[in-house]
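Listing of target-v8.cif, mmCIF, C-alpha atoms; chains and numbers go by the auth columns
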data_model
loop_
_atom_site.group_PDB
_atom_site.id
_atom_site.type_symbol
_atom_site.label_atom_id
_atom_site.label_comp_id
_atom_site.label_asym_id
_atom_site.label_seq_id
_atom_site.Cartn_x
_atom_site.Cartn_y
_atom_site.Cartn_z
_atom_site.B_iso_or_equiv
_atom_site.auth_seq_id
_atom_site.auth_asym_id
ATOM 1 C CA MET A 1 -20.069 -1.117 34.776 0.00 143 A
ATOM 2 C CA SER A 2 -17.286 1.174 36.035 0.00 144 A
ATOM 3 C CA SER A 3 -16.469 4.427 34.305 0.00 145 A
ATOM 4 C CA GLN A 4 -13.125 3.025 33.059 0.00 146 A
ATOM 5 C CA THR A 5 -14.791 -0.117 31.727 0.00 147 A
ATOM 6 C CA SER A 6 -17.372 2.031 29.946 0.00 148 A
ATOM 7 C CA GLN A 7 -14.639 4.191 28.384 0.00 149 A
ATOM 8 C CA ASP A 8 -12.729 1.080 27.325 0.00 150 A
ATOM 9 C CA GLN A 9 -15.856 -0.359 25.720 0.00 151 A
ATOM 10 C CA ASP A 10 -16.543 2.954 23.949 0.00 152 A
ATOM 11 C CA LYS A 11 -13.089 2.870 22.319 0.00 153 A
ATOM 12 C CA ILE A 12 -13.531 -0.737 21.203 0.00 154 A
ATOM 13 C CA ASP A 13 -17.041 -0.053 19.891 0.00 155 A
ATOM 14 C CA GLU A 14 -15.767 2.895 17.858 0.00 156 A
ATOM 15 C CA TYR A 15 -12.895 0.866 16.385 0.00 157 A
ATOM 16 C CA ILE A 16 -15.299 -1.921 15.467 0.00 158 A
ATOM 17 C CA ARG A 17 -17.658 0.647 13.907 0.00 159 A
ATOM 18 C CA VAL A 18 -14.830 2.008 11.755 0.00 160 A
ATOM 19 C CA ILE A 19 -13.883 -1.488 10.537 0.00 161 A
ATOM 20 C CA GLN A 20 -17.550 -2.211 9.839 0.00 162 A
ATOM 21 C CA GLU A 21 -18.069 1.040 7.948 0.00 163 A
ATOM 22 C CA ARG A 22 -14.794 1.296 6.035 0.00 164 A
ATOM 23 C CA ILE A 23 -13.910 -2.340 5.355 0.00 165 A
ATOM 24 C CA LEU A 24 -16.827 -4.729 5.749 0.00 166 A
ATOM 25 C CA GLU A 25 -19.630 -2.623 4.250 0.00 167 A
ATOM 26 C CA PRO A 26 -17.622 -1.808 1.091 0.00 168 A
ATOM 27 C CA ILE A 27 -17.048 -5.535 0.568 0.00 169 A
ATOM 28 C CA GLN A 28 -20.740 -6.269 0.988 0.00 170 A
ATOM 29 C CA GLU A 29 -22.255 -3.250 -0.749 0.00 171 A
ATOM 30 C CA THR A 30 -19.923 -2.480 -3.655 0.00 172 A
ATOM 31 C CA GLU A 31 -18.399 -4.249 -6.628 0.00 173 A
ATOM 32 C CA ALA A 32 -15.347 -5.087 -4.478 0.00 174 A
ATOM 33 C CA LYS A 33 -16.945 -8.427 -3.610 0.00 175 A
ATOM 34 C CA GLN A 34 -16.662 -9.434 -7.281 0.00 176 A
ATOM 35 C CA TYR A 35 -12.873 -9.163 -7.118 0.00 177 A
ATOM 36 C CA CYS A 36 -10.947 -11.679 -5.037 0.00 178 A
ATOM 37 C CA THR A 37 -7.851 -9.494 -4.652 0.00 179 A
ATOM 38 C CA ALA A 38 -9.808 -6.441 -3.515 0.00 180 A
ATOM 39 C CA THR A 39 -11.872 -8.486 -1.064 0.00 181 A
ATOM 40 C CA LEU A 40 -8.810 -10.183 0.392 0.00 182 A
ATOM 41 C CA LEU A 41 -6.808 -6.963 0.706 0.00 183 A
ATOM 42 C CA LEU A 42 -9.655 -5.430 2.701 0.00 184 A
ATOM 43 C CA LEU A 43 -10.161 -8.576 4.798 0.00 185 A
ATOM 44 C CA PHE A 44 -6.467 -8.896 5.605 0.00 186 A
ATOM 45 C CA ALA A 45 -6.419 -5.242 6.695 0.00 187 A
ATOM 46 C CA ALA A 46 -9.315 -5.964 9.062 0.00 188 A
ATOM 47 C CA ILE A 47 -7.655 -9.184 10.270 0.00 189 A
ATOM 48 C CA ASP A 48 -4.467 -7.249 11.052 0.00 190 A
ATOM 49 C CA GLY A 49 -6.437 -4.548 12.863 0.00 191 A
ATOM 50 C CA MET A 50 -8.382 -7.048 14.945 0.00 192 A
ATOM 51 C CA GLY A 51 -5.208 -9.037 15.613 0.00 193 A
ATOM 52 C CA LYS A 52 -3.659 -5.890 17.044 0.00 194 A
ATOM 53 C CA LEU A 53 -6.419 -5.782 19.659 0.00 195 A
ATOM 54 C CA LEU A 54 -6.219 -9.509 20.348 0.00 196 A
ATOM 55 C CA HIS A 55 -2.481 -10.279 20.405 0.00 197 A
ATOM 56 C CA HIS A 56 -0.937 -10.537 23.886 0.00 198 A
ATOM 57 C CA ASN A 57 2.129 -8.520 22.788 0.00 199 A
ATOM 58 C CA SER A 58 1.421 -4.839 22.120 0.00 200 A
ATOM 59 C CA ARG A 59 4.562 -4.664 19.947 0.00 201 A
ATOM 60 C CA ALA A 60 3.666 -7.632 17.746 0.00 202 A
ATOM 61 C CA GLY A 61 4.322 -7.050 14.065 0.00 203 A
ATOM 62 C CA SER A 62 1.682 -7.394 11.380 0.00 204 A
ATOM 63 C CA ASN A 63 2.573 -11.019 10.583 0.00 205 A
ATOM 64 C CA GLN A 64 2.181 -12.008 14.243 0.00 206 A
ATOM 65 C CA ARG A 65 -1.092 -10.081 14.553 0.00 207 A
ATOM 66 C CA ILE A 66 -2.520 -11.689 11.417 0.00 208 A
ATOM 67 C CA ARG A 67 -1.525 -15.176 12.584 0.00 209 A
ATOM 68 C CA ARG A 68 -3.144 -14.494 15.956 0.00 210 A
ATOM 69 C CA PHE A 69 -6.473 -13.459 14.471 0.00 211 A
ATOM 70 C CA LEU A 70 -6.432 -16.380 12.029 0.00 212 A
ATOM 71 C CA GLU A 71 -5.980 -18.644 15.075 0.00 213 A
ATOM 72 C CA TYR A 72 -8.942 -16.882 16.686 0.00 214 A
ATOM 73 C CA MET A 73 -11.003 -17.560 13.556 0.00 215 A
ATOM 74 C CA GLY A 74 -10.165 -21.240 14.110 0.00 216 A
ATOM 75 C CA GLY A 75 -10.721 -24.257 11.873 0.00 217 A
ATOM 76 C CA GLY A 76 -8.941 -24.130 8.537 0.00 218 A
ATOM 77 C CA TYR A 77 -7.719 -20.588 9.217 0.00 219 A
ATOM 78 C CA LYS A 78 -5.718 -21.814 12.194 0.00 220 A
ATOM 79 C CA ILE A 79 -4.408 -24.812 10.252 0.00 221 A
ATOM 80 C CA HIS A 80 -3.480 -22.797 7.137 0.00 222 A
ATOM 81 C CA LYS A 81 -2.355 -19.545 8.761 0.00 223 A
ATOM 82 C CA LYS A 82 1.107 -19.786 7.139 0.00 224 A
ATOM 83 C CA GLU A 83 -0.332 -20.208 3.639 0.00 225 A
ATOM 84 C CA LEU A 84 -2.856 -17.423 4.261 0.00 226 A
ATOM 85 C CA LEU A 85 -0.114 -15.127 5.511 0.00 227 A
ATOM 86 C CA ASP A 86 1.932 -15.923 2.387 0.00 228 A
ATOM 87 C CA LEU A 87 -1.132 -15.078 0.288 0.00 229 A
ATOM 88 C CA ARG A 88 -1.635 -11.813 2.160 0.00 230 A
ATOM 89 C CA ASN A 89 2.016 -10.825 1.708 0.00 231 A
ATOM 90 C CA SER A 90 1.977 -11.636 -1.995 0.00 232 A
ATOM 91 C CA LEU A 91 -1.169 -9.522 -2.485 0.00 233 A
ATOM 92 C CA VAL A 92 -0.027 -6.594 -0.359 0.00 234 A
ATOM 93 C CA HIS A 93 3.469 -6.384 -1.785 0.00 235 A
ATOM 94 C CA SER A 94 2.786 -7.080 -5.455 0.00 236 A
ATOM 95 C CA ALA A 95 -1.023 -7.285 -5.888 0.00 237 A
ATOM 96 C CA ILE A 96 -0.414 -10.627 -7.572 0.00 238 A
ATOM 97 C CA ASN A 97 -1.553 -13.943 -6.186 0.00 239 A
ATOM 98 C CA VAL A 98 1.167 -16.562 -6.426 0.00 240 A
ATOM 99 C CA ALA A 99 0.218 -18.456 -3.288 0.00 241 A
ATOM 100 C CA SER A 100 -3.221 -20.005 -3.790 0.00 242 A
ATOM 101 C CA PHE A 101 -6.258 -20.615 -5.959 0.00 243 A
ATOM 102 C CA LEU A 102 -8.912 -17.916 -5.533 0.00 244 A
ATOM 103 C CA SER A 103 -12.608 -17.761 -6.285 0.00 245 A
ATOM 104 C CA GLN A 104 -15.614 -15.735 -5.215 0.00 246 A
ATOM 105 C CA THR A 105 -18.286 -18.068 -6.574 0.00 247 A
ATOM 106 C CA GLU A 106 -20.750 -19.555 -4.140 0.00 248 A
ATOM 107 C CA MET A 107 -21.060 -22.978 -5.743 0.00 249 A
ATOM 108 C CA ASP A 108 -17.576 -24.231 -4.856 0.00 250 A
ATOM 109 C CA SER A 109 -17.185 -22.994 -1.286 0.00 251 A
ATOM 110 C CA ASP A 110 -17.017 -26.593 0.006 0.00 252 A
ATOM 111 C CA GLN A 111 -13.387 -26.665 -1.211 0.00 253 A
ATOM 112 C CA HIS A 112 -12.520 -23.545 0.812 0.00 254 A
ATOM 113 C CA LEU A 113 -9.105 -23.840 2.530 0.00 255 A
ATOM 114 C CA LYS A 114 -8.415 -27.293 1.098 0.00 256 A
ATOM 115 C CA LYS A 115 -5.198 -28.069 -0.738 0.00 257 A
ATOM 116 C CA ILE A 116 -5.754 -28.706 -4.422 0.00 258 A
ATOM 117 C CA GLY A 117 -3.619 -29.155 -7.512 0.00 259 A
ATOM 118 C CA ALA A 118 -0.186 -30.679 -7.986 0.00 260 A
ATOM 119 C CA ALA A 119 1.568 -27.804 -6.195 0.00 261 A
ATOM 120 C CA GLY A 120 -0.632 -28.249 -3.119 0.00 262 A
ATOM 121 C CA PHE A 121 -1.829 -24.642 -3.044 0.00 263 A
ATOM 122 C CA ILE A 122 -4.846 -23.932 -0.874 0.00 264 A
ATOM 123 C CA TYR A 123 -8.108 -22.861 -2.409 0.00 265 A
ATOM 124 C CA VAL A 124 -9.550 -19.652 -0.928 0.00 266 A
ATOM 125 C CA ASN A 125 -13.170 -18.750 -1.532 0.00 267 A
ATOM 126 C CA THR A 126 -13.394 -15.054 -0.724 0.00 268 A
ATOM 127 C CA ARG A 127 -17.131 -15.120 -0.010 0.00 269 A
ATOM 128 C CA ALA A 128 -16.637 -17.940 2.505 0.00 270 A
ATOM 129 C CA MET A 129 -13.707 -16.088 4.083 0.00 271 A
ATOM 130 C CA TYR A 130 -15.775 -12.901 4.346 0.00 272 A
ATOM 131 C CA LYS A 131 -18.587 -14.805 6.071 0.00 273 A
ATOM 132 C CA ASP A 132 -16.148 -16.536 8.417 0.00 274 A
ATOM 133 C CA PHE A 133 -14.502 -13.219 9.251 0.00 275 A
ATOM 134 C CA LEU A 134 -17.918 -11.752 10.093 0.00 276 A
ATOM 135 C CA ASP A 135 -18.533 -14.656 12.490 0.00 277 A
ATOM 136 C CA ALA A 136 -15.159 -14.109 14.219 0.00 278 A
ATOM 137 C CA PHE A 137 -15.727 -10.330 14.247 0.00 279 A
ATOM 138 C CA SER A 138 -19.078 -10.811 16.027 0.00 280 A
ATOM 139 C CA ARG A 139 -17.526 -13.289 18.439 0.00 281 A
ATOM 140 C CA PHE A 140 -14.720 -10.816 19.209 0.00 282 A
ATOM 141 C CA ARG A 141 -17.264 -8.107 19.944 0.00 283 A
ATOM 142 C CA ALA A 142 -19.097 -10.401 22.407 0.00 284 A
ATOM 143 C CA ASP A 143 -15.861 -11.728 23.954 0.00 285 A
ATOM 144 C CA ALA A 144 -14.501 -8.208 24.483 0.00 286 A
ATOM 145 C CA LYS A 145 -17.675 -7.309 26.392 0.00 287 A
ATOM 146 C CA SER A 146 -17.653 -10.396 28.602 0.00 288 A
ATOM 147 C CA ASP A 147 -13.890 -10.848 29.200 0.00 289 A
ATOM 148 C CA LEU A 148 -12.556 -7.894 31.217 0.00 290 A
ATOM 149 C CA ALA A 149 -8.884 -8.739 30.553 0.00 291 A
ATOM 150 C CA MET A 150 -9.528 -8.937 26.813 0.00 292 A
ATOM 151 C CA MET A 151 -11.436 -5.641 26.928 0.00 293 A
ATOM 152 C CA ARG A 152 -8.612 -3.868 28.760 0.00 294 A
ATOM 153 C CA ARG A 153 -5.926 -5.283 26.444 0.00 295 A
ATOM 154 C CA ALA A 154 -7.886 -4.153 23.376 0.00 296 A
ATOM 155 C CA ALA A 155 -8.702 -0.736 24.824 0.00 297 A
ATOM 156 C CA ASP A 156 -5.067 -0.165 25.811 0.00 298 A
ATOM 157 C CA ARG A 157 -4.147 -0.499 22.130 0.00 299 A
ATOM 158 C CA LEU A 158 -6.557 2.285 21.158 0.00 300 A
ATOM 159 C CA GLU A 159 -6.567 5.987 21.830 0.00 301 A
ATOM 160 C CA TRP A 160 -8.785 8.879 20.937 0.00 302 A
ATOM 161 C CA ARG A 161 -7.204 11.501 18.730 0.00 303 A
ATOM 162 C CA GLU A 162 -8.564 14.884 17.981 0.00 304 A
ATOM 163 C CA GLU A 163 -7.343 17.274 15.346 0.00 305 A
ATOM 164 C CA ASN A 164 -7.585 20.935 16.219 0.00 306 A
ATOM 165 C CA SER A 165 -6.269 22.503 13.044 0.00 307 A
ATOM 166 C CA VAL A 166 -4.830 25.959 13.215 0.00 308 A
ATOM 167 C CA ASN A 167 -5.122 27.548 9.803 0.00 309 A
ATOM 168 C CA GLN A 168 -1.779 29.084 8.890 0.00 310 A
ATOM 169 C CA VAL A 169 -1.434 31.321 5.867 0.00 311 A
ATOM 170 C CA ASP A 170 1.539 29.552 4.226 0.00 312 A
ATOM 171 C CA ILE A 171 0.314 25.986 4.732 0.00 313 A
ATOM 172 C CA PRO A 172 -2.352 24.392 2.532 0.00 314 A
ATOM 173 C CA THR A 173 -5.333 23.237 4.557 0.00 315 A
ATOM 174 C CA PRO A 174 -5.903 19.510 4.090 0.00 316 A
ATOM 175 C CA THR A 175 -9.248 17.862 4.566 0.00 317 A
ATOM 176 C CA PRO A 176 -9.224 16.251 8.023 0.00 318 A
ATOM 177 C CA PRO A 177 -10.214 12.601 8.439 0.00 319 A
ATOM 178 C CA PRO A 178 -13.887 12.259 9.328 0.00 320 A
ATOM 179 C CA PRO A 179 -14.960 12.608 12.071 0.00 321 A
ATOM 180 C CA VAL A 180 -12.667 15.171 13.686 0.00 322 A
ATOM 181 C CA GLN A 181 -12.384 12.924 16.741 0.00 323 A
ATOM 182 C CA PHE A 182 -11.397 9.423 15.691 0.00 324 A
ATOM 183 C CA ILE A 183 -10.137 6.179 17.136 0.00 325 A
ATOM 184 C CA TYR A 184 -6.555 5.178 16.394 0.00 326 A
ATOM 185 C CA ALA A 185 -4.809 1.852 16.951 0.00 327 A
ATOM 186 C CA ARG A 186 -1.411 2.537 18.503 0.00 328 A
#

Any chance you could put this one into structure tokens?
Amino acid sequence: MSSQTSQDQDKIDEYIRVIQERILEPIQETEAKQYCTATLLLLFAAIDGMGKLLHHNSRAGSNQRIRRFLEYMGGGYKIHKKELLDLRNSLVHSAINVASFLSQTEMDSDQHLKKIGAAGFIYVNTRAMYKDFLDAFSRFRADAKSDLAMMRRAADRLEWREENSVNQVDIPTPTPPPPVQFIYAR
């Protein structure tokens, strides 16, 4: 592995670690998983972040990035990407679901991403979506290691940032983001 390839992989690994630690673990290990809106807001943030690394256009907007990662997830996510994007937008902009039926129970996950009801809304089971995201997340990690073009595209969207704070007397000192050196998606 060349030095550049190793550096590219290091950036991707760090970004994936941050998503794992700050988005996926809180869903799994906290009460967030009991709340459909909280789970989906976190998942859609991760989907947008991963879509940024995956989309062919570095200037793609969040809607394009989300659609791209939903396509990557495949199956019903690819088929229902418009409805899922509408759901995401309704949750992000008003924290109110007006676009689908939601549930986090395990016993009805066989209806996940199927249209139900007279209005034809899709049913989203947040536990099933979390599991499916984890599968796509793992696949992305493996694909980025084996596909050099994908690795370079993803790494080009990331940069290391380091904060070297100079303490000035008249400026309050904020707490820096941990760690001091962190990965940032451009």

Which residues, named as in the file, does the PyMOL selection byres ((chain A and resi 235-247) around 8) pick out? Answer as a CSV table (one decimal) with C-alpha atoms, keeping the file's coordinate frame.
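Final output, saved to out-v9.csv:
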chain,number,residue,atom,x,y,z
A,175,LYS,CA,-16.9,-8.4,-3.6
A,176,GLN,CA,-16.7,-9.4,-7.3
A,177,TYR,CA,-12.9,-9.2,-7.1
A,178,CYS,CA,-10.9,-11.7,-5.0
A,179,THR,CA,-7.9,-9.5,-4.7
A,225,GLU,CA,-0.3,-20.2,3.6
A,228,ASP,CA,1.9,-15.9,2.4
A,229,LEU,CA,-1.1,-15.1,0.3
A,231,ASN,CA,2.0,-10.8,1.7
A,232,SER,CA,2.0,-11.6,-2.0
A,233,LEU,CA,-1.2,-9.5,-2.5
A,234,VAL,CA,0.0,-6.6,-0.4
A,248,GLU,CA,-20.8,-19.6,-4.1
A,249,MET,CA,-21.1,-23.0,-5.7
A,250,ASP,CA,-17.6,-24.2,-4.9
A,251,SER,CA,-17.2,-23.0,-1.3
A,263,PHE,CA,-1.8,-24.6,-3.0
A,264,ILE,CA,-4.8,-23.9,-0.9
A,265,TYR,CA,-8.1,-22.9,-2.4
A,266,VAL,CA,-9.6,-19.7,-0.9
A,267,ASN,CA,-13.2,-18.8,-1.5
A,268,THR,CA,-13.4,-15.1,-0.7
A,269,ARG,CA,-17.1,-15.1,0.0

Spell out the residues picked by the PyMOL selection byres ((chain A and resi 156) around 12) here, as a list in words.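 Applied to this file, the PyMOL selection byres ((chain A and resi 156) around 12) returns Gln149, Asp150, Gln151, Asp152, Lys153, Ile154, Asp155, Tyr157, Ile158, Arg159, Val160, Ile161, Gln162, Glu163, Arg164, Arg283, Ala296, Ala297, Leu300, Glu301, Trp302, Pro321, Gln323, Phe324, Ile325, Tyr326 and Ala327 of chain A.
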
Rank A:Glu173, A:Asp277, A:Asp289, A:Asp190 by their smallest atom-to-atom distance to Met215 of chain A, using all atoms listed in the file, and report the top residue only.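 Using all atoms listed in the file, Met215 of chain A sits closest to A:Asp277.
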
Please report the interatomic distance between atom CA of Ser148 of chain A and atom CA of Ser200 of chain A in Å with one decimal.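 It comes out at 21.5 Å.
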
Which distance in Å separates atom CA of Ala286 of chain A and atom CA of His198 of chain A, to one decimal? 13.8 Å

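Atom pair atom CA of Ala202 of chain A / atom CA of Asp285 of chain A has a distance of 20.9 Å (rounded to one decimal).
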
Could you check the closest approach to Lys223 of chain A for each of A:Leu196, A:Arg201, A:Leu255, A:Ala261 and tell me which residue wins, using all atoms listed in the file?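 Nearest candidate to Lys223 of chain A out of A:Leu196, A:Arg201, A:Leu255, A:Ala261: A:Leu255.
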
Residue by residue, what does the PyMOL selection byres ((chain A and resi 209-212) around 10) grab here? Present the result as a PyMOL selection string. chain A and resi 186+188-198+202+204-208+213-224+226-227+275+278-279+282

Tell me which of A:Ala260, A:Arg303, A:Gln146, A:Gln170 sits closest to Leu276 of chain A, counting all atoms listed in the file. A:Gln170

From the options A:Arg294, A:Lys287, A:Arg230, A:Arg281, which residue's atoms come nearest to Leu182 of chain A, counting all atoms listed in the file? A:Arg230

Nearest residue to Lys273 of chain A out of A:Thr147, A:Asn199, A:Gln253, A:Thr181, using only C-alpha atoms?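 Of all the options, A:Thr181 lies closest to Lys273 of chain A.
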
Among listed residues A:Met271, A:Ala187, A:Ala284, A:Met292, nearest His254 of chain A (using all atoms listed in the file):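 Of the candidates, the smallest distance to His254 of chain A is held by A:Met271.
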